[in-house]
file my_file07.cif (mmCIF, C-alpha atoms and all ligand atoms)
data_run
loop_
_atom_site.label_atom_id
_atom_site.label_comp_id
_atom_site.auth_asym_id
_atom_site.auth_seq_id
_atom_site.Cartn_x
_atom_site.Cartn_y
_atom_site.Cartn_z
CA MET A 270 -83.47 21.13 -55.49
CA ALA A 271 -80.82 19.57 -57.70
CA THR A 272 -81.76 18.02 -61.00
CA ARG A 273 -80.94 14.31 -61.38
CA ALA A 274 -78.84 12.51 -63.99
CA PRO A 275 -80.23 9.21 -65.30
CA PHE A 276 -79.02 6.07 -63.56
CA LEU A 277 -76.68 4.49 -66.09
CA THR A 278 -77.12 0.73 -66.52
CA THR A 279 -75.40 0.30 -69.91
CA ARG A 280 -71.81 -0.90 -70.30
CA PHE A 281 -69.60 1.53 -72.21
CA GLY A 282 -72.48 3.95 -71.77
CA GLY A 283 -70.60 7.20 -71.19
CA TYR A 284 -72.29 8.67 -74.28
CA TYR A 285 -75.64 8.52 -72.44
CA HIS A 286 -74.28 10.14 -69.32
CA ARG A 287 -72.63 13.36 -70.44
CA ASP A 288 -75.08 15.96 -69.20
CA VAL A 289 -74.15 17.46 -65.85
CA PRO A 290 -77.20 18.31 -63.73
CA LYS A 291 -77.47 21.64 -61.94
CA GLU A 292 -76.04 22.08 -58.47
CA ASP A 293 -78.40 22.34 -55.53
CA ALA A 294 -78.49 26.13 -55.34
CA GLU A 295 -80.74 26.16 -52.29
CA LEU A 296 -78.08 24.42 -50.19
CA THR A 297 -74.92 25.80 -51.74
CA HIS A 298 -75.29 29.42 -52.86
CA VAL A 299 -74.31 31.87 -50.14
CA GLY A 300 -74.42 35.39 -51.59
CA PRO A 301 -76.67 38.19 -50.30
CA GLY A 302 -80.33 37.39 -50.77
CA THR A 303 -79.85 33.67 -51.46
CA PRO A 304 -81.80 31.29 -49.19
CA CYS A 305 -78.67 29.64 -47.79
CA GLY A 306 -76.83 32.95 -47.57
CA GLU A 307 -79.61 34.43 -45.46
CA TYR A 308 -79.60 31.29 -43.26
CA LEU A 309 -75.85 31.39 -42.64
CA ARG A 310 -76.07 35.10 -41.82
CA ARG A 311 -78.24 34.29 -38.78
CA PHE A 312 -75.17 32.85 -37.03
CA TRP A 313 -71.93 34.49 -35.85
CA GLN A 314 -69.18 33.73 -38.37
CA PRO A 315 -65.39 33.86 -37.91
CA ILE A 316 -63.67 36.50 -40.02
CA CYS A 317 -59.99 36.17 -39.05
CA PHE A 318 -57.67 35.66 -36.10
CA SER A 319 -57.16 38.50 -33.62
CA ASP A 320 -53.47 38.64 -34.51
CA ASP A 321 -54.29 39.11 -38.21
CA LEU A 322 -55.36 42.64 -37.30
CA ARG A 323 -52.16 44.61 -36.76
CA ASP A 324 -51.08 47.88 -38.37
CA LEU A 325 -52.69 47.26 -41.76
CA PRO A 326 -56.31 46.64 -42.81
CA LEU A 327 -57.26 43.11 -43.86
CA ARG A 328 -59.32 42.60 -47.01
CA VAL A 329 -61.71 39.62 -46.69
CA THR A 330 -64.53 38.09 -48.68
CA ILE A 331 -67.22 36.44 -46.55
CA LEU A 332 -70.54 35.08 -47.86
CA GLY A 333 -69.94 36.77 -51.20
CA GLU A 334 -69.37 40.22 -49.67
CA ASP A 335 -66.12 42.16 -50.08
CA LEU A 336 -65.19 43.64 -46.71
CA VAL A 337 -62.32 45.16 -44.76
CA ALA A 338 -61.43 44.18 -41.21
CA PHE A 339 -59.19 46.26 -38.98
CA ARG A 340 -58.33 47.13 -35.39
CA ASP A 341 -58.20 50.85 -34.70
CA LEU A 342 -55.65 52.43 -32.39
CA ARG A 343 -58.09 52.21 -29.48
CA GLY A 344 -58.04 48.42 -29.97
CA THR A 345 -61.62 48.22 -31.28
CA VAL A 346 -62.20 45.84 -34.20
CA GLY A 347 -64.31 46.81 -37.20
CA LEU A 348 -65.71 45.13 -40.31
CA LEU A 349 -66.83 47.53 -43.04
CA GLU A 350 -67.89 47.35 -46.67
CA LEU A 351 -64.68 47.28 -48.67
CA HIS A 352 -65.44 50.19 -50.97
CA CYS A 353 -65.54 53.74 -49.67
CA PRO A 354 -69.01 55.30 -49.99
CA HIS A 355 -67.50 58.48 -51.45
CA ARG A 356 -66.16 57.19 -54.77
CA GLY A 357 -65.41 53.55 -54.20
CA THR A 358 -61.73 53.31 -53.31
CA SER A 359 -60.92 50.16 -51.38
CA LEU A 360 -60.44 50.66 -47.66
CA GLU A 361 -57.76 47.95 -47.67
CA PHE A 362 -55.52 50.93 -48.56
CA GLY A 363 -56.95 53.02 -45.73
CA LEU A 364 -55.12 54.52 -42.77
CA ILE A 365 -55.93 52.96 -39.44
CA SER A 366 -56.77 55.80 -37.09
CA THR A 367 -57.23 56.35 -33.40
CA ARG A 368 -60.91 55.92 -34.00
CA GLY A 369 -61.84 53.92 -37.11
CA ILE A 370 -60.24 53.88 -40.55
CA ARG A 371 -59.57 56.73 -42.99
CA CYS A 372 -59.91 56.34 -46.76
CA CYS A 373 -56.63 56.97 -48.56
CA TYR A 374 -58.22 58.87 -51.48
CA HIS A 375 -59.90 61.94 -49.93
CA GLY A 376 -59.60 61.21 -46.24
CA TRP A 377 -63.14 60.32 -45.20
CA LEU A 378 -62.99 58.73 -41.73
CA PHE A 379 -65.26 55.84 -40.67
CA ASP A 380 -65.89 54.51 -37.17
CA VAL A 381 -66.28 50.74 -36.57
CA ASP A 382 -70.08 51.08 -36.56
CA GLY A 383 -70.14 52.81 -39.95
CA THR A 384 -70.51 56.35 -38.60
CA ILE A 385 -68.83 58.83 -40.95
CA LEU A 386 -66.74 60.92 -38.57
CA GLU A 387 -65.04 63.25 -41.04
CA THR A 388 -65.28 64.36 -44.67
CA PRO A 389 -62.27 66.67 -44.67
CA GLY A 390 -62.52 67.88 -48.28
CA GLU A 391 -66.12 69.06 -47.86
CA PRO A 392 -67.08 72.57 -46.67
CA VAL A 393 -66.95 72.96 -42.92
CA ASN A 394 -70.70 73.42 -42.75
CA SER A 395 -71.38 70.23 -44.79
CA THR A 396 -73.92 67.88 -43.21
CA LEU A 397 -73.08 65.01 -45.57
CA LYS A 398 -71.42 62.94 -42.86
CA ASP A 399 -74.36 63.43 -40.51
CA ARG A 400 -76.87 62.14 -43.02
CA LEU A 401 -75.06 58.97 -44.16
CA CYS A 402 -73.49 55.83 -42.74
CA HIS A 403 -71.11 53.32 -44.24
CA GLY A 404 -71.96 49.59 -44.14
CA ALA A 405 -70.65 47.92 -40.96
CA TYR A 406 -71.17 44.66 -39.08
CA PRO A 407 -71.02 43.94 -35.32
CA MET A 408 -67.90 42.11 -34.19
CA HIS A 409 -67.03 39.89 -31.25
CA GLU A 410 -63.56 38.67 -30.25
CA TYR A 411 -63.25 35.41 -28.40
CA ASN A 412 -60.05 33.56 -27.53
CA GLY A 413 -58.08 34.89 -30.49
CA ILE A 414 -60.76 34.66 -33.19
CA VAL A 415 -62.72 37.65 -34.52
CA PHE A 416 -66.36 36.92 -35.33
CA ALA A 417 -69.00 38.98 -37.13
CA TYR A 418 -72.76 38.92 -37.28
CA MET A 419 -73.85 39.69 -40.85
CA GLY A 420 -77.59 39.13 -40.58
CA PRO A 421 -80.54 41.47 -40.02
CA PRO A 422 -79.72 43.73 -37.05
CA ASP A 423 -82.99 42.97 -35.28
CA GLN A 424 -82.27 39.23 -35.43
CA GLN A 425 -78.81 39.28 -33.84
CA PRO A 426 -78.38 36.37 -31.39
CA PRO A 427 -75.96 36.30 -28.44
CA PHE A 428 -72.55 34.84 -29.20
CA PRO A 429 -72.93 31.07 -28.69
CA MET A 430 -70.95 29.40 -25.91
CA TYR A 431 -70.55 25.67 -26.45
CA ASP A 432 -69.62 23.48 -23.47
CA SER A 433 -66.48 22.30 -25.27
CA PHE A 434 -65.11 25.86 -25.08
CA THR A 435 -64.95 25.83 -21.29
CA ARG A 436 -63.93 22.24 -20.57
CA PRO A 437 -62.02 21.95 -17.27
CA GLY A 438 -58.34 21.14 -17.81
CA TYR A 439 -58.28 22.49 -21.36
CA ARG A 440 -57.64 25.84 -22.99
CA LEU A 441 -58.63 27.07 -26.43
CA ILE A 442 -55.95 28.39 -28.75
CA PRO A 443 -56.36 29.69 -32.28
CA GLY A 444 -54.96 27.15 -34.74
CA GLN A 445 -54.55 27.37 -38.49
CA LYS A 446 -56.52 29.20 -41.16
CA TYR A 447 -56.57 27.69 -44.65
CA PHE A 448 -58.57 27.74 -47.85
CA TYR A 449 -60.19 25.30 -50.30
CA PRO A 450 -61.39 26.35 -53.78
CA CYS A 451 -64.76 24.62 -53.48
CA ASN A 452 -68.19 25.02 -51.94
CA TRP A 453 -68.66 25.00 -48.16
CA LEU A 454 -71.25 22.22 -48.00
CA GLN A 455 -69.09 19.39 -49.34
CA ILE A 456 -66.47 20.27 -46.71
CA LEU A 457 -69.01 20.03 -43.87
CA GLU A 458 -70.32 16.78 -45.35
CA ASN A 459 -66.84 15.28 -45.12
CA ALA A 460 -67.11 15.45 -41.33
CA MET A 461 -70.21 13.23 -41.43
CA ASP A 462 -68.44 10.65 -43.63
CA PRO A 463 -66.47 8.42 -41.24
CA VAL A 464 -65.65 5.73 -43.82
CA HIS A 465 -63.23 8.11 -45.51
CA THR A 466 -61.00 8.04 -42.42
CA ALA A 467 -60.35 4.35 -43.09
CA PHE A 468 -59.76 4.65 -46.84
CA LEU A 469 -58.46 8.14 -47.61
CA HIS A 470 -56.49 8.69 -44.42
CA THR A 471 -55.16 5.18 -43.83
CA ILE A 472 -55.56 2.45 -46.45
CA VAL A 473 -54.91 4.62 -49.53
CA THR A 474 -52.17 6.85 -48.14
CA GLY A 475 -50.59 4.95 -45.28
CA SER A 476 -51.58 6.10 -41.81
CA GLN A 477 -52.10 9.84 -41.68
CA PHE A 478 -53.61 9.44 -38.21
CA THR A 479 -53.17 6.07 -36.41
CA ASP A 480 -53.17 2.57 -37.89
CA GLU A 481 -56.39 1.75 -36.03
CA PHE A 482 -58.33 4.18 -38.26
CA GLY A 483 -57.76 1.69 -41.09
CA LYS A 484 -60.50 -0.65 -39.92
CA VAL A 485 -63.87 0.23 -41.47
CA PRO A 486 -66.08 1.02 -38.45
CA GLU A 487 -69.60 0.14 -37.53
CA LEU A 488 -71.63 3.29 -38.16
CA ASP A 489 -74.41 5.18 -36.52
CA PHE A 490 -75.66 8.74 -36.95
CA THR A 491 -77.70 10.76 -34.49
CA GLU A 492 -79.18 14.25 -34.51
CA THR A 493 -78.39 16.37 -31.46
CA PRO A 494 -79.99 19.60 -30.20
CA ALA A 495 -77.21 21.61 -31.87
CA GLY A 496 -76.58 19.51 -34.98
CA MET A 497 -75.57 15.87 -35.46
CA ILE A 498 -72.83 13.34 -34.75
CA TYR A 499 -71.57 10.17 -36.30
CA ILE A 500 -70.56 7.27 -34.08
CA ALA A 501 -67.83 5.13 -35.63
CA THR A 502 -67.25 2.02 -33.52
CA ARG A 503 -64.22 -0.25 -33.87
CA ARG A 504 -62.85 -3.21 -31.95
CA VAL A 505 -59.26 -2.72 -30.81
CA GLY A 506 -58.06 -5.86 -29.02
CA GLU A 507 -60.17 -6.23 -25.90
CA ASN A 508 -61.54 -2.69 -26.22
CA ILE A 509 -64.38 -1.08 -28.08
CA TRP A 510 -63.52 2.39 -29.37
CA ALA A 511 -66.40 4.70 -30.29
CA ARG A 512 -65.40 7.88 -32.14
CA MET A 513 -67.97 10.65 -32.35
CA VAL A 514 -67.47 13.61 -34.65
CA GLU A 515 -69.93 16.48 -34.74
CA ASN A 516 -71.39 19.08 -37.06
CA VAL A 517 -72.78 21.96 -35.03
CA LEU A 518 -75.30 23.84 -37.16
CA PRO A 519 -74.71 25.37 -39.49
CA ASN A 520 -70.96 25.33 -40.20
CA LEU A 521 -68.92 24.33 -37.15
CA GLN A 522 -67.16 20.96 -37.02
CA GLN A 523 -65.92 19.41 -33.81
CA VAL A 524 -63.36 16.70 -34.49
CA ALA A 525 -62.30 13.96 -32.08
CA PRO A 526 -58.55 13.43 -31.54
CA VAL A 527 -56.73 11.96 -34.54
CA TRP A 528 -54.05 10.55 -32.21
CA GLU A 529 -56.58 8.14 -30.65
CA ASP A 530 -55.77 4.45 -31.16
CA GLY A 531 -58.34 2.82 -28.88
CA HIS A 532 -55.77 0.95 -26.78
CA GLN A 533 -56.29 2.85 -23.52
CA VAL A 534 -59.67 2.73 -21.80
CA HIS A 535 -60.98 6.22 -21.07
CA PRO A 536 -64.28 8.10 -20.75
CA PHE A 537 -65.57 10.98 -22.87
CA SER A 538 -62.53 12.75 -24.31
CA GLY A 539 -64.11 15.84 -25.86
CA PRO A 540 -62.91 17.26 -29.19
CA MET A 541 -59.38 18.08 -30.24
CA MET A 542 -60.64 20.87 -32.48
CA SER A 543 -63.60 23.15 -33.18
CA ARG A 544 -63.29 24.33 -36.76
CA TRP A 545 -65.56 26.70 -38.69
CA ILE A 546 -66.00 26.18 -42.41
CA VAL A 547 -66.73 29.71 -43.62
CA PRO A 548 -67.95 30.33 -47.17
CA GLN A 549 -66.08 33.16 -48.88
CA ASP A 550 -68.30 32.71 -51.92
CA ASP A 551 -69.98 29.77 -53.66
CA THR A 552 -66.68 28.17 -54.69
CA HIS A 553 -64.16 29.31 -52.08
CA THR A 554 -64.11 28.41 -48.40
CA MET A 555 -62.04 29.34 -45.35
CA PHE A 556 -61.24 27.01 -42.44
CA VAL A 557 -60.71 28.66 -39.04
CA GLU A 558 -59.55 26.46 -36.15
CA PHE A 559 -59.81 26.54 -32.40
CA ARG A 560 -57.57 23.85 -30.90
CA HIS A 561 -58.34 22.26 -27.54
CA VAL A 562 -55.06 21.91 -25.69
CA SER A 563 -54.76 20.08 -22.37
CA GLU A 564 -53.32 21.86 -19.38
CA THR A 565 -52.14 18.53 -17.98
CA GLU A 566 -49.34 16.38 -19.32
CA GLY A 567 -50.18 13.85 -22.00
CA ALA A 568 -53.88 14.38 -22.73
CA THR A 569 -52.98 16.15 -25.97
CA PRO A 570 -49.63 15.76 -27.76
CA SER A 571 -47.27 18.71 -27.62
CA TRP A 572 -47.34 19.23 -31.40
CA TRP A 573 -51.02 20.10 -31.16
CA ALA A 574 -50.20 23.11 -28.97
CA ASP A 575 -47.92 24.51 -31.69
CA ARG A 576 -50.32 26.39 -33.94
CA ASN A 577 -47.76 26.44 -36.76
CA VAL A 578 -48.07 22.66 -37.08
CA MET A 579 -50.76 21.61 -39.54
CA LEU A 580 -53.16 18.74 -38.94
CA PRO A 581 -52.07 15.88 -41.27
CA GLY A 582 -53.91 15.27 -44.53
CA GLN A 583 -55.63 18.66 -44.81
CA LEU A 584 -53.74 20.56 -47.51
CA ALA A 585 -52.73 19.84 -51.10
CA ASP A 586 -49.30 18.28 -51.33
CA ALA A 587 -46.92 21.19 -51.57
CA ASP A 588 -44.37 19.31 -53.66
CA SER A 589 -46.19 18.62 -56.92
CA TYR A 590 -49.38 17.56 -58.61
CA GLU A 591 -47.89 14.07 -58.96
CA ALA A 592 -47.31 13.95 -55.20
CA SER A 593 -50.98 14.84 -54.67
CA GLU A 594 -51.96 12.02 -57.03
CA ARG A 595 -49.78 9.57 -55.15
CA ARG A 596 -50.85 10.60 -51.66
CA PRO A 597 -54.21 12.38 -51.74
CA GLY A 598 -55.80 13.78 -48.60
CA ASP A 599 -58.88 15.76 -47.64
CA TYR A 600 -57.99 18.63 -49.97
CA GLU A 601 -57.79 16.47 -53.08
CA ALA A 602 -60.88 14.44 -52.17
CA GLN A 603 -63.14 17.41 -51.47
CA VAL A 604 -61.92 19.99 -53.99
CA SER A 605 -62.04 17.40 -56.79
CA GLN A 606 -65.75 16.82 -56.18
CA ARG A 607 -66.05 19.93 -58.46
CA PRO A 608 -66.21 23.59 -57.39
CA VAL A 609 -69.75 22.80 -56.24
CA ALA A 610 -70.47 19.06 -55.84
CA ILE A 611 -73.34 17.92 -58.06
CA HIS A 612 -75.80 15.95 -55.94
CA GLY A 613 -77.72 14.84 -59.02
CA LEU A 614 -74.75 12.70 -60.11
CA GLU A 615 -74.26 10.93 -56.79
CA HIS A 616 -75.18 7.38 -55.84
CA LEU A 617 -75.45 7.50 -52.06
CA GLY A 618 -75.12 4.21 -50.17
CA ALA A 619 -75.76 2.95 -46.66
CA THR A 620 -72.60 4.62 -45.34
CA ASP A 621 -73.80 8.02 -46.56
CA ARG A 622 -76.68 8.38 -44.12
CA GLY A 623 -74.82 11.17 -42.36
CA ILE A 624 -74.66 13.16 -45.59
CA THR A 625 -78.40 12.80 -46.11
CA ILE A 626 -79.27 13.76 -42.54
CA PHE A 627 -76.99 16.81 -42.61
CA ARG A 628 -78.47 18.08 -45.89
CA GLN A 629 -81.93 17.67 -44.41
CA GLN A 630 -80.90 19.71 -41.36
CA ILE A 631 -79.48 22.52 -43.50
CA ARG A 632 -82.55 22.55 -45.73
CA ARG A 633 -84.85 22.71 -42.71
CA GLY A 634 -82.84 25.64 -41.36
CA ILE A 635 -82.96 27.51 -44.66
CA ARG A 636 -86.70 27.03 -44.94
CA ALA A 637 -87.25 28.05 -41.32
CA VAL A 638 -85.53 31.37 -41.99
CA GLN A 639 -87.57 31.82 -45.14
CA ALA A 640 -90.70 31.22 -43.09
CA GLY A 641 -89.67 33.83 -40.53
CA ARG A 642 -88.63 31.38 -37.80
CA ASP A 643 -85.33 30.82 -36.01
CA PRO A 644 -83.37 27.90 -37.51
CA GLU A 645 -82.40 24.86 -35.45
CA GLY A 646 -79.13 25.35 -33.59
CA LEU A 647 -79.64 29.09 -33.03
CA CYS A 648 -79.60 29.81 -29.30
CA ARG A 649 -81.17 33.05 -28.07
CA GLU A 650 -80.59 32.39 -24.38
CA VAL A 651 -77.91 34.56 -22.83
CA ASP A 652 -75.30 32.90 -20.57
CA THR A 653 -76.30 29.42 -21.71
CA CYS A 654 -73.74 26.66 -22.18
CA ILE A 655 -74.80 24.71 -25.26
CA PRO A 656 -74.17 20.94 -24.95
CA THR A 657 -72.07 19.24 -27.62
CA TYR A 658 -71.08 15.62 -28.06
CA CYS A 659 -67.83 15.17 -29.99
CA ASN A 660 -65.46 12.72 -28.27
CA ASP A 661 -63.70 9.39 -28.22
CA THR A 662 -64.81 6.83 -25.66
CA VAL A 663 -62.93 3.55 -25.14
CA VAL A 664 -64.40 0.76 -23.00
CA HIS A 665 -63.07 -2.69 -22.14
CA VAL A 666 -65.21 -5.40 -23.69
CA PRO A 667 -63.55 -8.83 -24.08
CA PRO A 668 -64.09 -10.33 -27.53
CA ALA A 669 -67.14 -12.45 -28.02
CA PRO A 670 -66.45 -16.13 -28.80
CA THR A 671 -67.50 -16.08 -32.46
CA PRO A 672 -67.09 -13.47 -35.20
CA GLU A 673 -70.85 -13.27 -35.58
CA GLU A 674 -71.37 -12.55 -31.87
CA ASP A 675 -68.47 -10.12 -31.88
CA GLN A 676 -70.03 -8.17 -34.74
CA GLN A 677 -73.33 -8.11 -32.89
CA LEU A 678 -71.63 -6.90 -29.71
CA MET A 679 -69.88 -4.03 -31.46
CA HIS A 680 -73.09 -2.97 -33.05
CA THR A 681 -74.97 -3.17 -29.78
CA THR A 682 -72.28 -1.26 -27.90
CA GLY A 683 -72.23 1.50 -30.46
CA ARG A 684 -75.93 2.03 -30.16
CA THR A 685 -75.76 2.01 -26.40
CA LEU A 686 -73.09 4.68 -26.39
CA ALA A 687 -75.00 6.79 -28.86
CA GLU A 688 -78.19 6.59 -26.88
CA SER A 689 -76.39 7.22 -23.65
CA TYR A 690 -74.81 10.47 -24.76
CA ILE A 691 -77.87 11.86 -26.41
CA GLN A 692 -80.93 10.63 -24.60
CA GLN A 693 -80.37 9.19 -21.17
CA PRO A 694 -80.01 11.52 -18.18
CA PRO A 695 -77.52 9.35 -16.20
CA LEU A 696 -74.97 9.59 -18.98
CA VAL A 697 -75.59 13.27 -19.55
CA ALA A 698 -74.48 13.59 -15.94
CA GLY A 699 -71.51 11.39 -16.86
CA ARG A 700 -70.36 14.03 -19.31
CA SER A 701 -69.10 16.05 -16.36
CA ARG A 702 -66.13 13.67 -16.33
CA ARG A 703 -64.54 15.93 -18.92
S1 LIG A 801 -63.07 57.62 -52.38
FE1 LIG A 801 -62.83 57.47 -50.25
S2 LIG A 801 -62.72 59.49 -49.53
FE2 LIG A 801 -62.99 59.68 -51.65
FE FE A 802 -60.64 13.71 -43.58
#
call {"tool": "encode", "arguments": {"input": "my_file07.cif", "output": "structure tokens"}}
result
Amino acid sequence: MATRAPFLTTRFGGYYHRDVPKEDAELTHVGPGTPCGEYLRRFWQPICFSDDLRDLPLRVTILGEDLVAFRDLRGTVGLLELHCPHRGTSLEFGLISTRGIRCCYHGWLFDVDGTILETPGEPVNSTLKDRLCHGAYPMHEYNGIVFAYMGPPDQQPPFPMYDSFTRPGYRLIPGQKYFYPCNWLQILENAMDPVHTAFLHTIVTGSQFTDEFGKVPELDFTETPAGMIYIATRRVGENIWARMVENVLPNLQQVAPVWEDGHQVHPFSGPMMSRWIVPQDDTHTMFVEFRHVSETEGATPSWWADRNVMLPGQLADADSYEASERRPGDYEAQVSQRPVAIHGLEHLGATDRGITIFRQQIRRGIRAVQAGRDPEGLCREVDTCIPTYCNDTVVHVPPAPTPEEDQQLMHTTGRTLAESYIQQPPLVAGRSRR
């Protein structure tokens, strides 16, 4: 657990508040053998896009491990330890072969499963290659993203299929891949912090999404079988707009459309994006996007189908540091929380309930793995479609006659929507409207 700084109650009291507590290592450290690292390794993790693997190997760092990804000339993808087991040369300089990858230094050849196929400099009767393997991880390609399972081989789960991946009328396309120099957890926490969409993305910067995001919403937070959602409810004219964004355990975000303005009544919209937040190490993180693109006219804007177009507000301002200061977005807000955010310096308020719940979920998962159990969110059933809940829903509700009643109505409606999507069978059936 994190250590805690004293609560400062003295004016001009900076002198009493200089010590920085330790980070919460249990929740944030991801290297081999760390509690959180072992937890994250129980789930399939994205490594790169399929079209990143062309004629050259790709060096990657995932969960503190230096690795090389490649596609051999048969079309099979591999993920191996970066350094050759002979004398350590990096396989990023290797030769992609018909079967596997060959080290550039002395020509040892490795298959995608770590089998050493050839040691050409050794005597012909050498059994060295038959007695050793190189480190390798199982891979799975799905819709343009290459995933790896980096946990204990006997604990490998099936690749998870979420219902949002097979929504009628939509197709998945790979989107953007980008990097933040900070810890993974504070990035996931941002998705359970709906108030920042009003301030950071609208009031502070001008509308990065739509103007209607600028109204601070009524808030609710609910755990789901696969993770948790927030429900941010706003009045827009005669409508009530409930926005639900989701963290799927442990490190997948599903984000509702940022082009929503709440003016058109519609049922469950589903997400615009499923985005993994993959730790490279404790202080560097990779985003990997799937975009949900409608097959029919108008349900998603055309710019969203162009994977070269970046979602607004996600990257540091390319122009200058001053430009970042003048118009900060998610990058500035999250990276500036420190390389690893210090929980022992925070003062969490009522709007931070989602942060607290998510940390509790991650901690439970870590401790379950330590205790030899499967963590929440891990599905071992084959051919199962895992339900998820990210969406916008807009309903027509005429304003109540007084501000006090209106406030009460919004609150009541938000709860009803939350309960309906999570708990009540009739509205689970209603989800088939997607
Ligand atoms: S270091 Fe790779 S074959 Fe010698
Ligand atoms: Fe944001």
call {"tool": "residues_near_ligand", "arguments": {"input": "my_file07.cif", "ligand": "ligand LIG 801 (chain A)", "cutoff": "9 Å", "atoms": "all atoms listed in the file", "output": "list in words"}}
result
His352, Cys353, Pro354, His355, Arg356, Gly357, Thr358, Ser359, Leu360, Gly363, Arg371, Cys372, Cys373, Tyr374, His375, Gly376, Trp377, Leu378, Thr388, Pro389 and Gly390 of chain A
call {"tool": "atom_distance", "arguments": {"input": "my_file07.cif", "atom1": "CA of Pro494 in chain A", "atom2": "CA of Asn516 in chain A"}}
result
11.0 Å
call {"tool": "residues_around", "arguments": {"input": "my_file07.cif", "residues": "His532 in chain A", "least_positions_apart": "4", "cutoff": "12 Å", "atoms": "all atoms listed in the file", "output": "MDAnalysis selection string"}}
result
chainID A and resid 479:481 503:511 528 661:666
call {"tool": "atom_distance", "arguments": {"input": "my_file07.cif", "atom1": "CA of Met430 in chain A", "atom2": "CA of Cys654 in chain A"}}
result
5.4 Å
call {"tool": "closest_residue", "arguments": {"input": "my_file07.cif", "among": "A:Leu401, A:Val524, A:Met555, A:Val415", "to": "ligand FE 802 (chain A)", "atoms": "all atoms listed in the file"}}
result
A:Val524
call {"tool": "residues_around", "arguments": {"input": "my_file07.cif", "residues": "Thr471 in chain A", "least_positions_apart": "5", "cutoff": "12 Å", "atoms": "only C-alpha atoms", "output": "list of chain:residue names"}}
result
A:Val464, A:His465, A:Thr466, A:Ser476, A:Gln477, A:Phe478, A:Thr479, A:Asp480, A:Glu481, A:Phe482, A:Gly483, A:Lys484, A:Val485, A:Val527, A:Pro581, A:Gly582, A:Arg596, A:Pro597, A:Gly598, A:Asp599
call {"tool": "atom_distance", "arguments": {"input": "my_file07.cif", "atom1": "CA of Gln603 in chain A", "atom2": "CA of Ser589 in chain A"}}
result
17.8 Å
call {"tool": "residues_near_point", "arguments": {"input": "my_file07.cif", "point": "(-53.2, 27.9, -34.1)", "cutoff": "8 Å", "atoms": "all atoms listed in the file", "output": "list in words"}}
result
Ile442, Pro443, Gly444, Gln445, Lys446, Glu558, Phe559, Arg560, Ala574, Asp575, Arg576, Asn577 and Val578 of chain A
call {"tool": "closest_residue", "arguments": {"input": "my_file07.cif", "among": "A:Leu614, A:Val299, A:Val547, A:Leu386", "to": "Ala274 in chain A", "atoms": "only C-alpha atoms"}}
result
A:Leu614
call {"tool": "closest_residue", "arguments": {"input": "my_file07.cif", "among": "A:Gln455, A:Leu332, A:Thr435, A:Ile414", "to": "ligand FE 802 (chain A)", "atoms": "all atoms listed in the file"}}
result
A:Gln455
